[in-house]
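Shown here: input35.txt, compact mmCIF, C-alpha atoms.
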# COMPACT_ATOMS: atom_id res chain seq x y z
CA MET A 22 -51.36 20.43 -4.41
CA THR A 23 -48.49 18.19 -3.24
CA PRO A 24 -45.06 18.79 -4.79
CA LYS A 25 -43.65 16.18 -7.16
CA PRO A 26 -40.58 14.27 -5.96
CA LEU A 27 -37.31 15.29 -7.58
CA ARG A 28 -36.61 11.68 -8.59
CA LYS A 29 -38.60 8.54 -8.84
CA ASN A 30 -37.92 5.98 -6.12
CA SER A 31 -36.54 3.55 -8.70
CA VAL A 32 -33.87 6.08 -9.76
CA ARG A 33 -32.57 6.73 -6.25
CA ARG A 34 -29.17 5.30 -5.33
CA LYS A 35 -29.48 1.85 -3.84
CA TRP A 36 -25.96 1.63 -2.38
CA ARG A 37 -24.68 3.35 0.72
CA THR A 38 -21.66 5.59 0.83
CA PRO A 39 -20.00 5.52 4.26
CA VAL A 40 -19.55 8.98 5.71
CA THR A 41 -18.42 10.50 8.96
CA VAL A 42 -20.92 12.83 10.53
CA CYS A 43 -19.25 16.00 11.80
CA VAL A 44 -21.40 19.09 12.23
CA ALA A 45 -20.82 22.43 13.88
CA ALA A 46 -22.91 25.55 14.27
CA MET A 47 -22.15 29.03 15.57
CA ALA A 48 -24.69 30.75 17.79
CA GLU A 49 -25.06 33.68 20.11
CA TYR A 50 -26.87 33.26 23.42
CA LEU A 51 -27.23 35.97 26.06
CA GLY A 52 -24.41 37.92 24.44
CA ASN A 53 -22.04 34.95 24.39
CA ARG A 54 -20.76 33.45 21.14
CA LEU A 55 -20.92 29.67 21.06
CA ILE A 56 -19.90 26.88 18.74
CA ILE A 57 -21.82 23.65 19.10
CA ALA A 58 -20.25 20.55 17.55
CA ALA A 59 -21.26 16.91 17.22
CA SER A 60 -19.80 13.82 15.61
CA ASP A 61 -20.59 10.14 15.32
CA ARG A 62 -18.33 7.32 16.52
CA MET A 63 -18.91 4.97 13.60
CA VAL A 64 -15.88 3.42 11.90
CA THR A 65 -16.21 1.88 8.45
CA SER A 66 -13.62 -0.50 7.03
CA GLY A 67 -14.70 -1.99 3.72
CA ASP A 68 -18.18 -3.37 4.34
CA ILE A 69 -17.74 -3.60 8.14
CA GLU A 70 -19.13 -0.87 10.39
CA PHE A 71 -18.75 -0.59 14.15
CA GLU A 72 -18.97 1.94 16.95
CA GLN A 73 -15.69 2.77 18.66
CA ASP A 74 -14.72 4.20 22.03
CA GLN A 75 -12.39 6.80 20.51
CA ARG A 76 -14.06 10.15 19.90
CA LYS A 77 -13.78 11.99 16.59
CA ILE A 78 -13.72 15.32 18.43
CA HIS A 79 -10.38 16.17 20.07
CA ASN A 80 -10.10 19.08 22.53
CA LEU A 81 -6.82 20.74 21.61
CA THR A 82 -7.26 23.51 24.19
CA SER A 83 -10.13 24.73 26.35
CA ALA A 84 -11.22 26.88 23.40
CA ILE A 85 -10.25 24.80 20.32
CA ALA A 86 -11.65 21.43 19.27
CA ILE A 87 -10.63 19.44 16.20
CA MET A 88 -13.08 17.12 14.44
CA VAL A 89 -11.52 14.32 12.39
CA ALA A 90 -12.68 12.02 9.61
CA GLY A 91 -11.02 9.44 7.42
CA ASP A 92 -8.24 7.10 8.50
CA LEU A 93 -8.27 7.42 12.29
CA THR A 94 -4.79 5.88 12.62
CA LEU A 95 -3.32 8.70 10.52
CA GLN A 96 -5.50 11.28 12.25
CA ALA A 97 -4.30 10.08 15.66
CA THR A 98 -0.67 10.52 14.55
CA ILE A 99 -1.41 14.04 13.37
CA LEU A 100 -3.37 14.89 16.53
CA HIS A 101 -0.45 13.78 18.73
CA GLU A 102 1.89 16.11 16.85
CA VAL A 103 -0.54 19.04 16.98
CA GLN A 104 -1.20 18.42 20.70
CA ALA A 105 2.56 18.38 21.40
CA TRP A 106 2.87 21.72 19.55
CA ALA A 107 -0.05 23.19 21.55
CA ASN A 108 1.33 21.94 24.87
CA GLU A 109 4.75 23.45 24.13
CA ARG A 110 3.20 26.74 23.05
CA ILE A 111 1.08 26.93 26.21
CA ALA A 112 4.08 26.06 28.41
CA ASN A 113 6.17 28.81 26.79
CA ASN A 114 3.39 31.46 26.80
CA PRO A 115 0.65 30.47 29.28
CA THR A 116 -1.14 33.83 29.04
CA GLU A 117 -1.27 33.96 25.21
CA TRP A 118 -4.25 32.33 23.54
CA ILE A 119 -3.60 30.00 20.62
CA LEU A 120 -5.40 31.21 17.51
CA VAL A 121 -7.57 28.75 15.58
CA LYS A 122 -5.74 29.90 12.43
CA ASP A 123 -2.37 28.87 13.94
CA ALA A 124 -3.72 25.48 15.04
CA ALA A 125 -5.19 24.89 11.57
CA GLU A 126 -1.88 25.78 9.91
CA ILE A 127 0.05 23.39 12.17
CA PHE A 128 -2.51 20.63 11.51
CA HIS A 129 -2.10 21.24 7.76
CA GLU A 130 1.71 21.14 8.04
CA CYS A 131 1.50 17.84 9.92
CA VAL A 132 -0.78 16.38 7.23
CA ILE A 133 1.64 17.45 4.47
CA ASN A 134 4.67 16.11 6.37
CA LEU A 135 2.96 12.77 7.02
CA LYS A 136 1.99 12.43 3.34
CA LYS A 137 5.59 13.19 2.30
CA LYS A 138 6.90 10.60 4.77
CA MET A 139 4.46 7.97 3.48
CA ALA A 140 5.43 8.75 -0.13
CA ARG A 141 9.16 8.42 0.69
CA GLU A 142 8.54 5.09 2.42
CA ALA A 143 6.47 3.82 -0.52
CA ILE A 144 9.26 4.77 -2.94
CA GLN A 145 11.88 3.10 -0.75
CA ILE A 146 9.81 -0.08 -0.52
CA GLY A 147 9.34 0.01 -4.30
CA ARG A 148 13.08 0.39 -4.84
CA ALA A 149 13.83 -2.46 -2.44
CA SER A 150 11.41 -4.80 -4.21
CA CYS A 151 12.94 -3.86 -7.61
CA ARG A 152 16.40 -4.74 -6.29
CA GLU A 153 15.13 -8.10 -5.06
CA ARG A 154 13.86 -8.95 -8.55
CA VAL A 155 17.19 -8.20 -10.22
This entry written out as structure tokens:
Amino acid sequence: MTPKPLRKNSVRRKWRTPVTVCVAAMAEYLGNRLIIAASDRMVTSGDIEFEQDQRKIHNLTSAIAIMVAGDLTLQATILHEVQAWANERIANNPTEWILVKDAAEIFHECVINLKKKMAREAIQIGRASCRERV
């Protein structure tokens, strides 16, 4: 007996939602722990899609990779800041490994700081346009 489909074909969504494909899996092989990651290179802007040369996986160190999604311009800004932090940390302590937790916290701080900066700029632009109207 074949199973019934969960939905009829006519009920299925007919529109596409653009998504970034980022997947990672942990494995153990011959006693070694591994993380395998993959990502697409598709960029979607409105109804336009195209493949780009820029990768969505950034190697922060030899042991830490960051996968990004969303606005790649903003992500690139954040990645530059996080990479500068990592480079400085490695230069100051070349024998000390950077923890993934520390890299994630710095990435998060950079995201928050960038959002605050964008909000301040939006408020300043709003104030300037209000002054022009008066």
For Ile133 of chain A, which of A:Gly147, A:Leu95, A:Met88, A:Asn114 is the closest residue, counting only C-alpha atoms?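 Nearest candidate to Ile133 of chain A out of A:Gly147, A:Leu95, A:Met88, A:Asn114: A:Leu95.
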Near Glu130 of chain A, counting all atoms listed in the file, which residues have an atom at most 12 Å away, once you skip same-chain residues fewer than 3 positions from it, shown as a PyMOL selection string? chain A and resi 99-100+102-103+106+123-127+133-137
For His79 of chain A, please output as a list in words all residues within 10 Å (counting all atoms listed in the file; exclusion window: fewer than 4 positions along the same chain).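 Residues near the query, excluding close chain neighbours: Gln75, Ile85, Ala86, Ile87, Met88, Val89, Ala97, Leu100 and Gln104 of chain A.
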Have a look at atom CA of Cys43 of chain A and atom CA of Gln73 of chain A and let me know their distance in Å, one decimal.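 Between atom CA of Cys43 of chain A and atom CA of Gln73 of chain A the gap is 15.3 Å.
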Please compute the atom CA of Met47 of chain A-atom CA of Val132 of chain A distance, one decimal, in Å. 26.2 Å
So, with all atoms listed in the file as the atoms that count, which of A:His101, A:Ile144, A:Asp61, A:Ala46 lies closest to Asn80 of chain A? A:His101
Nearest-residue call for Ile111 of chain A, choices A:Leu81, A:Ala140, A:Ala45, A:Cys131, using all atoms listed in the file: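 Ranking A:Leu81, A:Ala140, A:Ala45, A:Cys131 by distance to Ile111 of chain A, first place goes to A:Leu81.
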May I ask for the distance between atom CA of Ala84 of chain A and atom CA of Ala58 of chain A, given in Å to one decimal place?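 Taking atom CA of Ala84 of chain A as the start and atom CA of Ala58 of chain A as the end point, the length is 12.5 Å.
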Find, counting all atoms listed in the file, the residue in A:Ala90, A:Lys138, A:Thr82, A:Gln96 that gets nearest to Trp118 of chain A.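 For Trp118 of chain A, the nearest of the given residues is A:Thr82.
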